[in-house]
Amino acid sequence: MKIKCCKTNLMAVHDTMDVLKGRWKIQIIAALCYDKMRFSELQKEIDGISAKMLSSELKELEFNHLLKRTVLQTQPITVEYELTEYGLTLKKVIETLADWGIKHRKQIVGEIADN
């Protein structure tokens with residue numbers, strides 16, 4: 001029974017990582033967790049991402065129903081991105097990752113400071 005449960009969990013983690021793989025997707029989702037943003041705002045928020053990569057990652061996230069793209073009828077036309085209701089189910093995961101990252105950074109910095 002333990003083996004089946006473990007394999008099920010491993011497959012679920014694999015599926016999750018397949019959707020969220022890459023350097024940028026989790027950062028994009030984290031940026032959109034609290035409010036919608038325009039393309040240029042996202043690019044400014046996420047250090048180091050190129051416009052081409054951001055566009056590609058946004059398309060993949062939209063394909064996976066994690067975000068919604070809205071074209072606004074403005075001059076010039078602007079596009080806003082926001083997490084879908086389904087995408088918002090990742091908010092707890094993002095918050096858990098952020099909490100762990102803060103603790104990890106303190107752990108590593110503390111070890112370096114102690115050396």
# chains A, B, ... in the order shown; residues from 1 in each chain; ligands from 1
call {"tool": "residues_around", "arguments": {"residues": "range 46-57 of chain A", "least_positions_apart": "2", "cutoff": "8 Å", "atoms": "only C-alpha atoms", "output": "list in words"}}
result
Trp24, Lys25, Gln27, Ile28, Ala31, Leu42, Gln43, Lys44, Lys59, Glu60 and Leu61 of chain A
call {"tool": "select_by_dssp", "arguments": {"residues": "range 8-113 of chain A", "states": "alpha helix (DSSP H)", "output": "ChimeraX atom specification"}}
result
/A:8-20,25-32,39-45,51-63,91-113
call {"tool": "closest_residue", "arguments": {"among": "A:Val13, A:Cys5, A:Ser40, A:Ala30", "to": "Thr78 in chain A", "atoms": "only C-alpha atoms"}}
result
A:Ser40
call {"tool": "atom_distance", "arguments": {"atom1": "CA of Thr84 in chain A", "atom2": "CA of Leu72 in chain A"}}
result
17.2 Å
call {"tool": "residues_around", "arguments": {"residues": "Leu32 in chain A", "least_positions_apart": "3", "cutoff": "8 Å", "atoms": "only C-alpha atoms", "output": "ChimeraX atom specification"}}
result
/A:28-29,35-37,81-83
